[in-house]
Amino acid sequence: MSHSGAHIIAVGNEKGGSGKSTTALHLAVYLLHQGYGVGTVDVDSRQQTLTRYMRNRRATVDTAKRDIPLPKHLYIPTAWGDSISENQVAEREIFDRSLAGLREEVDFIVIDTPVSTATWPAPLTAWPIRW
């Protein structure tokens, strides 16, 4: 990688069903086909649509024995403690550790966010991403 860290693309929208996960997948696949190292991060722990897409893509590679480029995929789970603020801290720590490792391995990171990220108490909205 010629630059310091990966470029980050976060796909978000307040409305469900607007195509966030599909857009994230298509961006990642396009970048892979352009020869870039790509990571994907699914922070929508309720729907996990991007994670399911990636599992299906890996299954296709395994079954069809085809050479299909795959991104490095991470899923960020929801913390389920008693305190919202403690959950936010825990989720942020997981997100930061995951992103830090991935940033050194790939050229682009595509992040799929959940519905209504403005009210979602998770890593992308609780604290700004440190560039």
# chains A, B, ... in the order shown; residues from 1 in each chain; ligands from 1
$ residues_around --residues "stretch 72-80 of chain A" --least-positions-apart "4" --cutoff "6 Å" --atoms "only C-alpha atoms" --output "list in words"
Gly39, Thr40, Val41, Asp42, Val43, Ser45 and Asn87 of chain A
$ closest_residue --among "A:His7, A:Pro114, A:Val89, A:Asp82" --to "A:Gly37" --atoms "only C-alpha atoms"
A:His7
$ select_by_dssp --residues "chain A" --states "strand (DSSP E or B)" --output "PyMOL selection string"
chain A and resi 7-11+38-42+72-75+108-112
$ closest_residue --among "A:Ala24, A:Ala90, A:Leu50, A:Val38" --to "A:Ala6" --atoms "only C-alpha atoms"
A:Val38
$ select_by_dssp --residues "chain A" --states "helix (DSSP H, G or I)" --output "number ranges by chain"
A: 20-33, 49-64, 84-103, 123-126
$ write_last_selection --atoms "N, CA and C atoms" --output "compact mmCIF listing (two decimals), in the first residue's frame"
# COMPACT_ATOMS: atom_id res chain seq x y z
N LYS A 20 -28.32 0.04 1.35
CA LYS A 20 -27.01 0.28 1.96
C LYS A 20 -26.08 -0.92 1.81
N SER A 21 -26.57 -2.09 2.21
CA SER A 21 -25.73 -3.30 2.17
C SER A 21 -25.40 -3.69 0.74
N THR A 22 -26.37 -3.58 -0.15
CA THR A 22 -26.13 -3.90 -1.56
C THR A 22 -25.10 -2.95 -2.15
N THR A 23 -25.22 -1.66 -1.83
CA THR A 23 -24.25 -0.67 -2.31
C THR A 23 -22.86 -0.98 -1.75
N ALA A 24 -22.80 -1.30 -0.46
CA ALA A 24 -21.51 -1.63 0.16
C ALA A 24 -20.87 -2.83 -0.53
N LEU A 25 -21.67 -3.86 -0.80
CA LEU A 25 -21.16 -5.05 -1.48
C LEU A 25 -20.64 -4.71 -2.88
N HIS A 26 -21.43 -3.96 -3.63
CA HIS A 26 -21.03 -3.61 -5.00
C HIS A 26 -19.78 -2.73 -5.02
N LEU A 27 -19.68 -1.81 -4.08
CA LEU A 27 -18.45 -0.99 -3.98
C LEU A 27 -17.24 -1.88 -3.71
N ALA A 28 -17.38 -2.79 -2.75
CA ALA A 28 -16.27 -3.68 -2.39
C ALA A 28 -15.86 -4.55 -3.58
N VAL A 29 -16.84 -5.14 -4.27
CA VAL A 29 -16.54 -6.01 -5.41
C VAL A 29 -15.88 -5.21 -6.54
N TYR A 30 -16.39 -4.02 -6.80
CA TYR A 30 -15.78 -3.18 -7.84
C TYR A 30 -14.32 -2.89 -7.50
N LEU A 31 -14.06 -2.48 -6.27
CA LEU A 31 -12.69 -2.16 -5.87
C LEU A 31 -11.78 -3.39 -5.94
N LEU A 32 -12.32 -4.56 -5.56
CA LEU A 32 -11.54 -5.80 -5.69
C LEU A 32 -11.16 -6.06 -7.15
N HIS A 33 -12.11 -5.86 -8.05
CA HIS A 33 -11.85 -6.10 -9.47
C HIS A 33 -10.92 -5.05 -10.07
N THR A 49 -26.83 -8.02 7.06
CA THR A 49 -27.02 -8.29 5.64
C THR A 49 -25.69 -8.42 4.91
N LEU A 50 -24.77 -7.50 5.13
CA LEU A 50 -23.48 -7.58 4.45
C LEU A 50 -22.73 -8.86 4.84
N THR A 51 -22.83 -9.24 6.09
CA THR A 51 -22.19 -10.48 6.55
C THR A 51 -22.80 -11.68 5.83
N ARG A 52 -24.11 -11.70 5.67
CA ARG A 52 -24.75 -12.80 4.92
C ARG A 52 -24.30 -12.79 3.46
N TYR A 53 -24.22 -11.61 2.86
CA TYR A 53 -23.72 -11.52 1.48
C TYR A 53 -22.32 -12.13 1.37
N MET A 54 -21.46 -11.81 2.33
CA MET A 54 -20.08 -12.31 2.28
C MET A 54 -20.04 -13.82 2.50
N ARG A 55 -20.88 -14.33 3.40
CA ARG A 55 -20.95 -15.79 3.61
C ARG A 55 -21.39 -16.48 2.31
N ASN A 56 -22.39 -15.91 1.65
CA ASN A 56 -22.86 -16.48 0.38
C ASN A 56 -21.77 -16.43 -0.68
N ARG A 57 -21.04 -15.35 -0.72
CA ARG A 57 -19.95 -15.22 -1.71
C ARG A 57 -18.86 -16.27 -1.44
N ARG A 58 -18.51 -16.45 -0.17
CA ARG A 58 -17.51 -17.47 0.17
C ARG A 58 -18.03 -18.88 -0.16
N ALA A 59 -19.30 -19.14 0.09
CA ALA A 59 -19.89 -20.44 -0.22
C ALA A 59 -19.84 -20.69 -1.73
N THR A 60 -20.07 -19.66 -2.52
CA THR A 60 -19.99 -19.79 -3.97
C THR A 60 -18.58 -20.14 -4.40
N VAL A 61 -17.60 -19.49 -3.80
CA VAL A 61 -16.20 -19.79 -4.11
C VAL A 61 -15.90 -21.25 -3.78
N ASP A 62 -16.36 -21.71 -2.61
CA ASP A 62 -16.09 -23.09 -2.19
C ASP A 62 -16.80 -24.12 -3.07
N THR A 63 -18.06 -23.86 -3.39
CA THR A 63 -18.85 -24.84 -4.15
C THR A 63 -18.48 -24.85 -5.63
N ALA A 64 -18.37 -23.68 -6.20
CA ALA A 64 -18.12 -23.59 -7.64
C ALA A 64 -16.65 -23.73 -7.99
N ILE A 84 -26.07 1.29 28.74
CA ILE A 84 -25.90 1.75 27.35
C ILE A 84 -24.52 2.37 27.17
N SER A 85 -24.10 3.20 28.11
CA SER A 85 -22.80 3.85 27.95
C SER A 85 -21.66 2.83 27.99
N GLU A 86 -21.76 1.82 28.84
CA GLU A 86 -20.73 0.77 28.86
C GLU A 86 -20.74 -0.03 27.56
N ASN A 87 -21.94 -0.28 27.03
CA ASN A 87 -22.05 -0.98 25.74
C ASN A 87 -21.40 -0.17 24.63
N GLN A 88 -21.63 1.14 24.64
CA GLN A 88 -21.03 2.00 23.62
C GLN A 88 -19.51 1.96 23.69
N VAL A 89 -18.98 1.99 24.91
CA VAL A 89 -17.53 1.93 25.09
C VAL A 89 -16.99 0.59 24.58
N ALA A 90 -17.67 -0.49 24.94
CA ALA A 90 -17.23 -1.83 24.51
C ALA A 90 -17.29 -1.96 22.99
N GLU A 91 -18.38 -1.49 22.39
CA GLU A 91 -18.50 -1.56 20.93
C GLU A 91 -17.44 -0.72 20.26
N ARG A 92 -17.17 0.45 20.82
CA ARG A 92 -16.15 1.32 20.23
C ARG A 92 -14.77 0.68 20.29
N GLU A 93 -14.46 0.03 21.42
CA GLU A 93 -13.16 -0.63 21.55
C GLU A 93 -13.01 -1.75 20.52
N ILE A 94 -14.06 -2.54 20.34
CA ILE A 94 -14.02 -3.61 19.34
C ILE A 94 -13.85 -3.02 17.94
N PHE A 95 -14.62 -1.98 17.66
CA PHE A 95 -14.55 -1.32 16.36
C PHE A 95 -13.15 -0.75 16.11
N ASP A 96 -12.60 -0.03 17.08
CA ASP A 96 -11.28 0.58 16.92
C ASP A 96 -10.20 -0.47 16.69
N ARG A 97 -10.21 -1.54 17.50
CA ARG A 97 -9.20 -2.60 17.33
C ARG A 97 -9.32 -3.25 15.97
N SER A 98 -10.55 -3.55 15.57
CA SER A 98 -10.78 -4.21 14.28
C SER A 98 -10.34 -3.33 13.12
N LEU A 99 -10.73 -2.07 13.18
CA LEU A 99 -10.41 -1.14 12.10
C LEU A 99 -8.90 -0.88 12.03
N ALA A 100 -8.26 -0.76 13.18
CA ALA A 100 -6.82 -0.49 13.20
C ALA A 100 -6.05 -1.60 12.50
N GLY A 101 -6.39 -2.84 12.78
CA GLY A 101 -5.71 -3.95 12.13
C GLY A 101 -5.99 -4.00 10.64
N LEU A 102 -7.23 -3.78 10.28
CA LEU A 102 -7.64 -3.85 8.89
C LEU A 102 -7.03 -2.72 8.06
N ARG A 103 -6.90 -1.55 8.65
CA ARG A 103 -6.36 -0.38 7.91
C ARG A 103 -4.96 -0.61 7.39
N PRO A 123 -20.41 2.51 17.40
CA PRO A 123 -19.11 3.13 17.12
C PRO A 123 -19.12 4.31 16.17
N LEU A 124 -19.86 4.24 15.08
CA LEU A 124 -19.77 5.31 14.10
C LEU A 124 -20.42 6.60 14.58
N THR A 125 -21.38 6.52 15.49
CA THR A 125 -22.06 7.73 15.92
C THR A 125 -21.66 8.15 17.32
N ALA A 126 -21.15 7.23 18.10
CA ALA A 126 -20.79 7.59 19.48
C ALA A 126 -19.52 8.45 19.52
$ decode --residues "stretch 32-45 of chain A" --atoms "all heavy atoms" --output "PDB file, in the first residue's frame"
ATOM      1  N   LEU A  32     -12.316  -4.560  -5.564  1.00  0.00           N
ATOM      2  CA  LEU A  32     -11.539  -5.801  -5.687  1.00  0.00           C
ATOM      3  C   LEU A  32     -11.162  -6.056  -7.146  1.00  0.00           C
ATOM      4  O   LEU A  32     -10.022  -6.406  -7.446  1.00  0.00           O
ATOM      5  CB  LEU A  32     -12.350  -6.988  -5.156  1.00  0.00           C
ATOM      6  CG  LEU A  32     -12.481  -7.104  -3.644  1.00  0.00           C
ATOM      7  CD1 LEU A  32     -13.570  -8.105  -3.280  1.00  0.00           C
ATOM      8  CD2 LEU A  32     -11.147  -7.496  -3.010  1.00  0.00           C
ATOM      9  N   HIS A  33     -12.111  -5.864  -8.048  1.00  0.00           N
ATOM     10  CA  HIS A  33     -11.853  -6.104  -9.471  1.00  0.00           C
ATOM     11  C   HIS A  33     -10.922  -5.051 -10.072  1.00  0.00           C
ATOM     12  O   HIS A  33     -10.347  -5.291 -11.139  1.00  0.00           O
ATOM     13  CB  HIS A  33     -13.164  -6.185 -10.255  1.00  0.00           C
ATOM     14  CG  HIS A  33     -13.846  -7.508 -10.098  1.00  0.00           C
ATOM     15  ND1 HIS A  33     -13.447  -8.653 -10.748  1.00  0.00           N
ATOM     16  CD2 HIS A  33     -14.903  -7.873  -9.330  1.00  0.00           C
ATOM     17  CE1 HIS A  33     -14.216  -9.652 -10.408  1.00  0.00           C
ATOM     18  NE2 HIS A  33     -15.119  -9.215  -9.542  1.00  0.00           N
ATOM     19  N   GLN A  34     -10.763  -3.929  -9.403  1.00  0.00           N
ATOM     20  CA  GLN A  34      -9.804  -2.921  -9.848  1.00  0.00           C
ATOM     21  C   GLN A  34      -8.403  -3.216  -9.307  1.00  0.00           C
ATOM     22  O   GLN A  34      -7.464  -2.487  -9.571  1.00  0.00           O
ATOM     23  CB  GLN A  34     -10.255  -1.521  -9.402  1.00  0.00           C
ATOM     24  CG  GLN A  34     -11.544  -1.059 -10.052  1.00  0.00           C
ATOM     25  CD  GLN A  34     -11.453  -1.074 -11.568  1.00  0.00           C
ATOM     26  OE1 GLN A  34     -10.562  -0.486 -12.156  1.00  0.00           O
ATOM     27  NE2 GLN A  34     -12.377  -1.773 -12.210  1.00  0.00           N
ATOM     28  N   GLY A  35      -8.286  -4.279  -8.517  1.00  0.00           N
ATOM     29  CA  GLY A  35      -6.983  -4.697  -8.010  1.00  0.00           C
ATOM     30  C   GLY A  35      -6.635  -4.182  -6.624  1.00  0.00           C
ATOM     31  O   GLY A  35      -5.517  -4.384  -6.152  1.00  0.00           O
ATOM     32  N   TYR A  36      -7.556  -3.533  -5.958  1.00  0.00           N
ATOM     33  CA  TYR A  36      -7.300  -3.014  -4.612  1.00  0.00           C
ATOM     34  C   TYR A  36      -7.541  -4.083  -3.555  1.00  0.00           C
ATOM     35  O   TYR A  36      -8.363  -4.973  -3.732  1.00  0.00           O
ATOM     36  CB  TYR A  36      -8.209  -1.819  -4.306  1.00  0.00           C
ATOM     37  CG  TYR A  36      -7.914  -0.609  -5.144  1.00  0.00           C
ATOM     38  CD1 TYR A  36      -8.751  -0.238  -6.190  1.00  0.00           C
ATOM     39  CD2 TYR A  36      -6.783   0.171  -4.889  1.00  0.00           C
ATOM     40  CE1 TYR A  36      -8.487   0.870  -6.964  1.00  0.00           C
ATOM     41  CE2 TYR A  36      -6.503   1.279  -5.670  1.00  0.00           C
ATOM     42  CZ  TYR A  36      -7.353   1.630  -6.702  1.00  0.00           C
ATOM     43  OH  TYR A  36      -7.081   2.729  -7.468  1.00  0.00           O
ATOM     44  N   GLY A  37      -6.821  -3.945  -2.460  1.00  0.00           N
ATOM     45  CA  GLY A  37      -7.109  -4.747  -1.279  1.00  0.00           C
ATOM     46  C   GLY A  37      -8.295  -4.104  -0.582  1.00  0.00           C
ATOM     47  O   GLY A  37      -8.297  -2.891  -0.351  1.00  0.00           O
ATOM     48  N   VAL A  38      -9.308  -4.903  -0.262  1.00  0.00           N
ATOM     49  CA  VAL A  38     -10.538  -4.354   0.290  1.00  0.00           C
ATOM     50  C   VAL A  38     -10.923  -5.089   1.563  1.00  0.00           C
ATOM     51  O   VAL A  38     -10.844  -6.316   1.637  1.00  0.00           O
ATOM     52  CB  VAL A  38     -11.701  -4.453  -0.732  1.00  0.00           C
ATOM     53  CG1 VAL A  38     -12.989  -3.903  -0.158  1.00  0.00           C
ATOM     54  CG2 VAL A  38     -11.338  -3.729  -2.030  1.00  0.00           C
ATOM     55  N   GLY A  39     -11.377  -4.309   2.535  1.00  0.00           N
ATOM     56  CA  GLY A  39     -11.970  -4.857   3.743  1.00  0.00           C
ATOM     57  C   GLY A  39     -13.403  -4.373   3.835  1.00  0.00           C
ATOM     58  O   GLY A  39     -13.720  -3.268   3.381  1.00  0.00           O
ATOM     59  N   THR A  40     -14.263  -5.194   4.376  1.00  0.00           N
ATOM     60  CA  THR A  40     -15.643  -4.783   4.619  1.00  0.00           C
ATOM     61  C   THR A  40     -15.928  -4.947   6.105  1.00  0.00           C
ATOM     62  O   THR A  40     -15.429  -5.871   6.742  1.00  0.00           O
ATOM     63  CB  THR A  40     -16.649  -5.613   3.791  1.00  0.00           C
ATOM     64  OG1 THR A  40     -16.426  -7.002   4.011  1.00  0.00           O
ATOM     65  CG2 THR A  40     -16.526  -5.303   2.313  1.00  0.00           C
ATOM     66  N   VAL A  41     -16.724  -4.028   6.633  1.00  0.00           N
ATOM     67  CA  VAL A  41     -17.086  -4.071   8.046  1.00  0.00           C
ATOM     68  C   VAL A  41     -18.593  -3.922   8.148  1.00  0.00           C
ATOM     69  O   VAL A  41     -19.167  -2.969   7.629  1.00  0.00           O
ATOM     70  CB  VAL A  41     -16.393  -2.942   8.850  1.00  0.00           C
ATOM     71  CG1 VAL A  41     -16.781  -3.020  10.319  1.00  0.00           C
ATOM     72  CG2 VAL A  41     -14.880  -3.010   8.681  1.00  0.00           C
ATOM     73  N   ASP A  42     -19.228  -4.873   8.819  1.00  0.00           N
ATOM     74  CA  ASP A  42     -20.673  -4.841   9.035  1.00  0.00           C
ATOM     75  C   ASP A  42     -20.921  -4.428  10.480  1.00  0.00           C
ATOM     76  O   ASP A  42     -20.649  -5.183  11.401  1.00  0.00           O
ATOM     77  CB  ASP A  42     -21.267  -6.219   8.759  1.00  0.00           C
ATOM     78  CG  ASP A  42     -22.782  -6.231   8.714  1.00  0.00           C
ATOM     79  OD1 ASP A  42     -23.405  -5.242   9.139  1.00  0.00           O
ATOM     80  OD2 ASP A  42     -23.343  -7.244   8.261  1.00  0.00           O
ATOM     81  N   VAL A  43     -21.407  -3.198  10.663  1.00  0.00           N
ATOM     82  CA  VAL A  43     -21.728  -2.740  12.026  1.00  0.00           C
ATOM     83  C   VAL A  43     -23.232  -2.779  12.274  1.00  0.00           C
ATOM     84  O   VAL A  43     -23.702  -2.304  13.297  1.00  0.00           O
ATOM     85  CB  VAL A  43     -21.161  -1.330  12.341  1.00  0.00           C
ATOM     86  CG1 VAL A  43     -19.652  -1.359  12.370  1.00  0.00           C
ATOM     87  CG2 VAL A  43     -21.660  -0.291  11.377  1.00  0.00           C
ATOM     88  N   ASP A  44     -23.977  -3.360  11.343  1.00  0.00           N
ATOM     89  CA  ASP A  44     -25.415  -3.525  11.527  1.00  0.00           C
ATOM     90  C   ASP A  44     -25.652  -4.900  12.153  1.00  0.00           C
ATOM     91  O   ASP A  44     -25.997  -5.864  11.476  1.00  0.00           O
ATOM     92  CB  ASP A  44     -26.135  -3.407  10.179  1.00  0.00           C
ATOM     93  CG  ASP A  44     -27.647  -3.396  10.319  1.00  0.00           C
ATOM     94  OD1 ASP A  44     -28.146  -3.643  11.433  1.00  0.00           O
ATOM     95  OD2 ASP A  44     -28.319  -3.142   9.313  1.00  0.00           O
ATOM     96  N   SER A  45     -25.471  -4.981  13.455  1.00  0.00           N
ATOM     97  CA  SER A  45     -25.525  -6.271  14.139  1.00  0.00           C
ATOM     98  C   SER A  45     -26.914  -6.892  14.152  1.00  0.00           C
ATOM     99  O   SER A  45     -27.060  -8.088  14.318  1.00  0.00           O
ATOM    100  CB  SER A  45     -24.998  -6.139  15.563  1.00  0.00           C
ATOM    101  OG  SER A  45     -25.772  -5.207  16.274  1.00  0.00           O
TER     102      SER A  45
END
